[in-house]
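Undergrad: Below you'll find run_5.txt; it's compact mmCIF, N, CA and C atoms and all ligand atoms.
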```
# COMPACT_ATOMS: atom_id res chain seq x y z
N MET A 1 -122.88 -27.26 61.55
CA MET A 1 -122.43 -28.57 61.10
C MET A 1 -122.18 -28.52 59.59
N GLY A 2 -123.21 -28.78 58.79
CA GLY A 2 -123.08 -28.65 57.35
C GLY A 2 -122.30 -29.75 56.69
N GLU A 3 -122.00 -30.79 57.40
CA GLU A 3 -121.23 -31.88 56.79
C GLU A 3 -122.18 -32.97 56.31
N VAL A 4 -122.02 -33.34 55.07
CA VAL A 4 -122.89 -34.37 54.50
C VAL A 4 -122.27 -35.73 54.78
N GLU A 5 -123.07 -36.62 55.29
CA GLU A 5 -122.57 -37.96 55.59
C GLU A 5 -123.49 -38.99 54.97
N GLY A 6 -122.95 -39.80 54.11
CA GLY A 6 -123.74 -40.87 53.51
C GLY A 6 -123.85 -42.03 54.47
N SER A 7 -124.85 -42.85 54.29
CA SER A 7 -124.97 -44.02 55.14
C SER A 7 -123.91 -45.04 54.73
N GLY A 8 -123.40 -45.74 55.70
CA GLY A 8 -122.35 -46.71 55.38
C GLY A 8 -121.00 -46.06 55.35
N GLY A 9 -120.85 -45.04 54.54
CA GLY A 9 -119.63 -44.24 54.53
C GLY A 9 -118.38 -45.01 54.25
N MET A 10 -117.31 -44.30 54.11
CA MET A 10 -116.04 -44.93 53.85
C MET A 10 -114.95 -43.94 54.22
N CYS A 11 -113.86 -44.47 54.68
CA CYS A 11 -112.75 -43.61 55.09
C CYS A 11 -112.10 -42.99 53.85
N ILE A 12 -112.00 -41.67 53.83
CA ILE A 12 -111.40 -40.99 52.67
C ILE A 12 -109.91 -41.28 52.56
N CYS A 13 -109.31 -41.75 53.63
CA CYS A 13 -107.85 -41.95 53.68
C CYS A 13 -107.33 -42.93 52.63
N VAL A 14 -108.17 -43.87 52.20
CA VAL A 14 -107.68 -44.87 51.24
C VAL A 14 -107.34 -44.24 49.89
N ASP A 15 -107.86 -43.03 49.65
CA ASP A 15 -107.53 -42.29 48.43
C ASP A 15 -106.71 -41.04 48.74
N CYS A 16 -105.98 -41.04 49.82
CA CYS A 16 -105.18 -39.87 50.22
C CYS A 16 -103.69 -40.16 50.05
N HIS A 17 -103.00 -39.18 49.52
CA HIS A 17 -101.57 -39.30 49.26
C HIS A 17 -100.76 -39.62 50.52
N TRP A 18 -101.25 -39.21 51.69
CA TRP A 18 -100.47 -39.33 52.92
C TRP A 18 -100.76 -40.60 53.71
N VAL A 19 -101.58 -41.49 53.19
CA VAL A 19 -102.15 -42.55 54.03
C VAL A 19 -101.09 -43.36 54.81
N GLU A 20 -99.99 -43.70 54.17
CA GLU A 20 -99.02 -44.56 54.87
C GLU A 20 -98.13 -43.78 55.83
N ARG A 21 -98.23 -42.44 55.81
CA ARG A 21 -97.41 -41.63 56.72
C ARG A 21 -98.24 -40.98 57.82
N CYS A 22 -99.55 -41.24 57.83
CA CYS A 22 -100.47 -40.44 58.63
C CYS A 22 -100.76 -41.05 60.02
N GLN A 23 -100.60 -40.22 61.04
CA GLN A 23 -100.83 -40.68 62.41
C GLN A 23 -102.32 -40.92 62.69
N ALA A 24 -103.20 -40.12 62.06
CA ALA A 24 -104.64 -40.33 62.27
C ALA A 24 -105.09 -41.64 61.63
N TYR A 25 -104.60 -41.92 60.43
CA TYR A 25 -104.99 -43.18 59.79
C TYR A 25 -104.43 -44.37 60.58
N HIS A 26 -103.27 -44.19 61.16
CA HIS A 26 -102.68 -45.23 62.01
C HIS A 26 -103.62 -45.57 63.17
N ALA A 27 -104.24 -44.52 63.74
CA ALA A 27 -105.19 -44.74 64.84
C ALA A 27 -106.44 -45.47 64.35
N VAL A 28 -106.89 -45.12 63.14
CA VAL A 28 -108.06 -45.79 62.57
C VAL A 28 -107.74 -47.27 62.33
N GLU A 29 -106.56 -47.55 61.83
CA GLU A 29 -106.16 -48.95 61.61
C GLU A 29 -106.19 -49.72 62.93
N ARG A 30 -105.71 -49.08 63.97
CA ARG A 30 -105.68 -49.76 65.28
C ARG A 30 -107.10 -50.07 65.74
N GLN A 31 -108.01 -49.10 65.56
CA GLN A 31 -109.40 -49.32 65.96
C GLN A 31 -110.05 -50.43 65.15
N HIS A 32 -109.69 -50.54 63.88
CA HIS A 32 -110.27 -51.57 63.02
C HIS A 32 -109.57 -52.92 63.21
N GLY A 33 -108.46 -52.92 63.94
CA GLY A 33 -107.74 -54.16 64.16
C GLY A 33 -107.08 -54.69 62.91
N VAL A 34 -106.70 -53.79 62.00
CA VAL A 34 -106.02 -54.23 60.78
C VAL A 34 -104.52 -53.91 60.86
N GLU A 35 -103.79 -54.56 59.99
CA GLU A 35 -102.34 -54.38 59.96
C GLU A 35 -101.98 -52.95 59.57
N HIS A 36 -100.98 -52.39 60.21
CA HIS A 36 -100.58 -51.02 59.90
C HIS A 36 -99.79 -50.95 58.58
N LEU A 37 -100.02 -49.87 57.82
CA LEU A 37 -99.20 -49.62 56.63
C LEU A 37 -97.80 -49.22 57.06
N SER A 38 -97.71 -48.50 58.17
CA SER A 38 -96.42 -48.04 58.66
C SER A 38 -96.38 -48.21 60.18
N ALA A 39 -95.24 -48.64 60.69
CA ALA A 39 -95.12 -48.81 62.14
C ALA A 39 -94.92 -47.47 62.84
N ASP A 40 -94.42 -46.49 62.11
CA ASP A 40 -94.04 -45.23 62.76
C ASP A 40 -94.37 -44.04 61.85
N PRO A 41 -95.66 -43.73 61.67
CA PRO A 41 -96.04 -42.64 60.76
C PRO A 41 -95.55 -41.29 61.29
N ASP A 42 -95.12 -40.43 60.37
CA ASP A 42 -94.51 -39.16 60.79
C ASP A 42 -95.37 -37.94 60.49
N LEU A 43 -96.53 -38.12 59.85
CA LEU A 43 -97.35 -36.97 59.47
C LEU A 43 -98.51 -36.78 60.43
N CYS A 44 -98.59 -35.57 60.98
CA CYS A 44 -99.72 -35.21 61.84
C CYS A 44 -100.69 -34.37 61.01
N PRO A 45 -101.84 -34.92 60.62
CA PRO A 45 -102.73 -34.20 59.71
C PRO A 45 -103.44 -33.02 60.39
N THR A 46 -103.91 -32.11 59.57
CA THR A 46 -104.63 -30.95 60.06
C THR A 46 -106.13 -31.25 60.14
N ALA A 47 -106.66 -31.16 61.35
CA ALA A 47 -108.11 -31.24 61.58
C ALA A 47 -108.81 -32.43 60.92
N PRO A 48 -108.34 -33.65 61.14
CA PRO A 48 -109.13 -34.78 60.62
C PRO A 48 -110.43 -34.89 61.40
N ARG A 49 -111.51 -35.14 60.69
CA ARG A 49 -112.83 -35.33 61.33
C ARG A 49 -113.12 -36.82 61.31
N ILE A 50 -113.06 -37.43 62.46
CA ILE A 50 -113.27 -38.87 62.54
C ILE A 50 -114.72 -39.14 62.94
N HIS A 51 -115.40 -39.91 62.10
CA HIS A 51 -116.80 -40.27 62.31
C HIS A 51 -116.82 -41.60 63.04
N VAL A 52 -117.44 -41.60 64.20
CA VAL A 52 -117.51 -42.82 65.01
C VAL A 52 -118.95 -43.30 65.04
N GLN A 53 -119.14 -44.56 64.73
CA GLN A 53 -120.48 -45.11 64.64
C GLN A 53 -120.54 -46.42 65.41
N VAL A 54 -121.57 -46.54 66.23
CA VAL A 54 -121.78 -47.80 66.93
C VAL A 54 -122.67 -48.67 66.06
N ILE A 55 -122.21 -49.88 65.79
CA ILE A 55 -122.96 -50.76 64.89
C ILE A 55 -123.33 -52.05 65.61
N SER A 56 -124.42 -52.64 65.16
CA SER A 56 -124.88 -53.91 65.72
C SER A 56 -124.17 -55.06 65.02
N LEU A 57 -123.74 -56.01 65.80
CA LEU A 57 -123.12 -57.20 65.25
C LEU A 57 -123.98 -58.40 65.61
N GLU A 58 -123.67 -59.52 65.00
CA GLU A 58 -124.43 -60.73 65.32
C GLU A 58 -124.26 -61.10 66.78
N GLY A 59 -125.27 -61.76 67.33
CA GLY A 59 -125.17 -62.22 68.70
C GLY A 59 -125.32 -61.11 69.72
N ALA A 60 -126.11 -60.09 69.40
CA ALA A 60 -126.39 -58.97 70.31
C ALA A 60 -125.13 -58.24 70.75
N GLN A 61 -124.12 -58.27 69.91
CA GLN A 61 -122.89 -57.55 70.21
C GLN A 61 -122.90 -56.20 69.50
N VAL A 62 -122.09 -55.31 69.98
CA VAL A 62 -121.95 -54.03 69.27
C VAL A 62 -120.48 -53.81 68.94
N GLY A 63 -120.26 -53.12 67.85
CA GLY A 63 -118.91 -52.76 67.44
C GLY A 63 -118.85 -51.27 67.20
N VAL A 64 -117.66 -50.75 67.03
CA VAL A 64 -117.49 -49.33 66.76
C VAL A 64 -116.69 -49.17 65.46
N GLU A 65 -117.26 -48.38 64.55
CA GLU A 65 -116.60 -48.10 63.28
C GLU A 65 -115.98 -46.71 63.32
N TRP A 66 -114.76 -46.58 62.93
CA TRP A 66 -114.09 -45.28 62.84
C TRP A 66 -113.79 -45.00 61.38
N ASP A 67 -114.16 -43.82 60.91
CA ASP A 67 -113.85 -43.43 59.54
C ASP A 67 -113.50 -41.95 59.51
N VAL A 68 -112.46 -41.59 58.79
CA VAL A 68 -112.17 -40.18 58.56
C VAL A 68 -113.05 -39.72 57.40
N ARG A 69 -113.88 -38.71 57.65
CA ARG A 69 -114.83 -38.23 56.63
C ARG A 69 -114.41 -36.88 56.06
N ALA A 70 -113.55 -36.16 56.73
CA ALA A 70 -113.07 -34.88 56.24
C ALA A 70 -111.70 -34.63 56.88
N CYS A 71 -110.86 -33.88 56.18
CA CYS A 71 -109.52 -33.65 56.71
C CYS A 71 -108.87 -32.49 55.97
N GLY A 72 -108.26 -31.59 56.72
CA GLY A 72 -107.60 -30.44 56.12
C GLY A 72 -106.35 -30.81 55.33
N SER A 73 -105.78 -31.97 55.61
CA SER A 73 -104.55 -32.38 54.92
C SER A 73 -104.82 -33.32 53.75
N PHE A 74 -106.10 -33.64 53.52
CA PHE A 74 -106.42 -34.59 52.45
C PHE A 74 -105.86 -34.13 51.11
N GLN A 75 -105.17 -35.05 50.45
CA GLN A 75 -104.66 -34.77 49.11
C GLN A 75 -105.03 -35.95 48.23
N LEU A 76 -105.89 -35.69 47.27
CA LEU A 76 -106.44 -36.77 46.46
C LEU A 76 -105.36 -37.52 45.69
N ASP A 77 -105.35 -38.82 45.89
CA ASP A 77 -104.43 -39.72 45.19
C ASP A 77 -105.20 -41.03 45.03
N PRO A 78 -106.10 -41.08 44.03
CA PRO A 78 -107.03 -42.21 43.93
C PRO A 78 -106.32 -43.57 43.93
N GLY A 79 -106.81 -44.45 44.80
CA GLY A 79 -106.30 -45.82 44.84
C GLY A 79 -104.95 -45.98 45.53
N ARG A 80 -104.53 -44.98 46.30
CA ARG A 80 -103.20 -45.09 46.91
C ARG A 80 -103.09 -46.31 47.83
N TRP A 81 -104.09 -46.52 48.68
CA TRP A 81 -104.03 -47.67 49.59
C TRP A 81 -103.88 -48.96 48.79
N SER A 82 -104.66 -49.08 47.71
CA SER A 82 -104.62 -50.31 46.89
C SER A 82 -103.26 -50.52 46.25
N ARG A 83 -102.62 -49.44 45.86
CA ARG A 83 -101.29 -49.58 45.25
C ARG A 83 -100.25 -50.01 46.28
N LEU A 84 -100.47 -49.61 47.55
CA LEU A 84 -99.54 -50.01 48.61
C LEU A 84 -99.75 -51.47 49.01
N ARG A 85 -100.98 -51.95 48.86
CA ARG A 85 -101.33 -53.32 49.23
C ARG A 85 -102.03 -54.02 48.07
N PRO A 86 -101.32 -54.25 46.97
CA PRO A 86 -101.97 -54.82 45.79
C PRO A 86 -102.62 -56.17 46.08
N GLY A 87 -103.83 -56.31 45.58
CA GLY A 87 -104.55 -57.58 45.74
C GLY A 87 -105.33 -57.71 47.02
N GLU A 88 -105.13 -56.78 47.97
CA GLU A 88 -105.87 -56.87 49.24
C GLU A 88 -107.17 -56.08 49.16
N VAL A 89 -108.13 -56.46 49.98
CA VAL A 89 -109.42 -55.78 50.00
C VAL A 89 -109.26 -54.45 50.74
N VAL A 90 -109.74 -53.39 50.11
CA VAL A 90 -109.64 -52.05 50.71
C VAL A 90 -110.50 -52.01 51.96
N PRO A 91 -109.95 -51.55 53.09
CA PRO A 91 -110.77 -51.47 54.30
C PRO A 91 -111.92 -50.49 54.11
N ALA A 92 -113.11 -50.90 54.53
CA ALA A 92 -114.29 -50.04 54.36
C ALA A 92 -114.66 -49.40 55.68
S1 LIG A 101 -107.23 -37.79 54.74
FE1 LIG A 101 -106.18 -36.82 56.49
S2 LIG A 101 -106.35 -38.36 58.10
FE2 LIG A 101 -106.68 -39.43 56.16
S3 LIG A 101 -104.67 -40.16 55.47
FE3 LIG A 101 -105.02 -38.17 54.54
S4 LIG A 101 -104.00 -36.75 55.89
FE4 LIG A 101 -104.37 -38.61 57.06
```
When written as C-alpha cells, how does the structure in this file appear?
Ligand code: SF4
TA:
Amino acid sequence: MGEVEGSGGMCICVDCHWVERCQAYHAVERQHGVEHLSADPDLCPTAPRIHVQVISLEGAQVGVEWDVRACGSFQLDPGRWSRLRPGEVVPA
C-alpha cells in the first residue's frame, strides 16, 4: 500500500491542470451530484486512485464520498478549479 491518507481528505483534481477535460473527475462530479465543468471530457487519466468513503449523515442515513487521492496524470496547477468557477465554493 504505502499511500498516506489524511482524515477528511480532499480531491487533488481541484489543483490539477486537466480537471475540466478529465473523465475521472467527471465521474467524481456525478457521484457528488455537482454540476459538470465539461459535458464531454476528452482526457482519460493514467491510474487515478479513487478513495471511496462511507460517511454518516443526519437522520441515520449514509452517504458515499469519492475523492481522487493519487493519479499518474496529475499536473499541479494550483487553484485551477477556482479559476474556472470564480466565486464558487471548491468541492471538498
Ligand atoms: S488528478 Fe488525475 S483524475 Fe484528477 S483531474 Fe487530474 S488527471 Fe484527472
Undergrad: Write out, as a Markdown table, each residue of chain A that has an atom at most 6 Å from ligand LIG 101 (chain A), together with the closest pair of atoms and their distance in Å to one decimal, counting only C-alpha atoms and all ligand atoms, rows going by chain and rising number.
TA:
```
| residue | atom | partner | partner_atom | distance |
| --- | --- | --- | --- | --- |
| A:Ile12 | CA | A:LIG101 | S1 | 5.6 |
| A:Cys13 | CA | A:LIG101 | FE2 | 3.7 |
| A:Cys16 | CA | A:LIG101 | FE3 | 4.6 |
| A:Trp18 | CA | A:LIG101 | FE3 | 5.0 |
| A:Val19 | CA | A:LIG101 | S3 | 3.8 |
| A:Cys22 | CA | A:LIG101 | FE4 | 4.6 |
| A:Ala24 | CA | A:LIG101 | S2 | 4.9 |
| A:Tyr25 | CA | A:LIG101 | S3 | 5.3 |
| A:Pro45 | CA | A:LIG101 | S4 | 4.8 |
| A:Pro48 | CA | A:LIG101 | S2 | 5.2 |
| A:Cys71 | CA | A:LIG101 | FE1 | 4.6 |
| A:Ser73 | CA | A:LIG101 | S4 | 4.5 |
| A:Phe74 | CA | A:LIG101 | S1 | 4.0 |
```
Undergrad: Based on the backbone DSSP call, show me all residues of chain A assigned strand (DSSP E), as a list in words.
TA: Arg49, Ile50, His51, Val52, Gln53, Val54, Ile55, Ser56, Leu57, Gln61, Val62, Gly63, Val64, Glu65, Trp66, Asp67, Val68, Arg69 and Ala70 of chain A
Undergrad: Set the distance at 8 Å and use only C-alpha atoms: which residues neighbour segment 49-51 of chain A once local chain neighbours fewer than 6 positions away are removed? I'd like the list as a PyMOL selection string.
TA: chain A and resi 65-71
Undergrad: Which is closest to Asp15 of chain A among A:Glu29, A:Glu88, A:Asp77, A:Asp40, if we use all atoms listed in the file?
TA: A:Asp77
Undergrad: Please measure the separation of atom CA of Ala60 of chain A and atom CA of Arg30 of chain A, giving the value in Å to one decimal.
TA: 23.2 Å
Undergrad: For atom CA of Val52 of chain A and atom CA of Gly72 of chain A, quote the distance in Å rounded to one decimal.
TA: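 So the answer is 18.2 Å.
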Undergrad: What does the distance between atom CA of Ser82 of chain A and atom N of Val14 of chain A come to in Å, to one decimal place?
TA: 9.1 Å
Undergrad: If DSSP is run on the backbone, what residues of segment 23-66 of chain A are alpha helix (DSSP H)? A reply as a short mmCIF file (atom, residue, chain, number, x, y, z; two decimals) with N, CA and C atoms, in the coordinates of the input would be ideal.
TA:
```
data_model
loop_
_atom_site.label_atom_id
_atom_site.label_comp_id
_atom_site.auth_asym_id
_atom_site.auth_seq_id
_atom_site.Cartn_x
_atom_site.Cartn_y
_atom_site.Cartn_z
N GLN A 23 -100.60 -40.22 61.04
CA GLN A 23 -100.83 -40.68 62.41
C GLN A 23 -102.32 -40.92 62.69
N ALA A 24 -103.20 -40.12 62.06
CA ALA A 24 -104.64 -40.33 62.27
C ALA A 24 -105.09 -41.64 61.63
N TYR A 25 -104.60 -41.92 60.43
CA TYR A 25 -104.99 -43.18 59.79
C TYR A 25 -104.43 -44.37 60.58
N HIS A 26 -103.27 -44.19 61.16
CA HIS A 26 -102.68 -45.23 62.01
C HIS A 26 -103.62 -45.57 63.17
N ALA A 27 -104.24 -44.52 63.74
CA ALA A 27 -105.19 -44.74 64.84
C ALA A 27 -106.44 -45.47 64.35
N VAL A 28 -106.89 -45.12 63.14
CA VAL A 28 -108.06 -45.79 62.57
C VAL A 28 -107.74 -47.27 62.33
N GLU A 29 -106.56 -47.55 61.83
CA GLU A 29 -106.16 -48.95 61.61
C GLU A 29 -106.19 -49.72 62.93
N ARG A 30 -105.71 -49.08 63.97
CA ARG A 30 -105.68 -49.76 65.28
C ARG A 30 -107.10 -50.07 65.74
N GLN A 31 -108.01 -49.10 65.56
CA GLN A 31 -109.40 -49.32 65.96
C GLN A 31 -110.05 -50.43 65.15
N HIS A 32 -109.69 -50.54 63.88
CA HIS A 32 -110.27 -51.57 63.02
C HIS A 32 -109.57 -52.92 63.21
#
```
Undergrad: If we count only N, CA and C atoms and set the cut-off at 7 Å, which residues sit around Pro91 of chain A, ignoring sequence neighbours fewer than 2 positions away in its own chain? Please answer as a PyMOL selection string.
TA: chain A and resi 10-11+88-89
Undergrad: Nearest residue to Leu43 of chain A out of A:Val62, A:Pro86, A:Gln23, A:Trp81, using all atoms listed in the file?
TA: A:Gln23
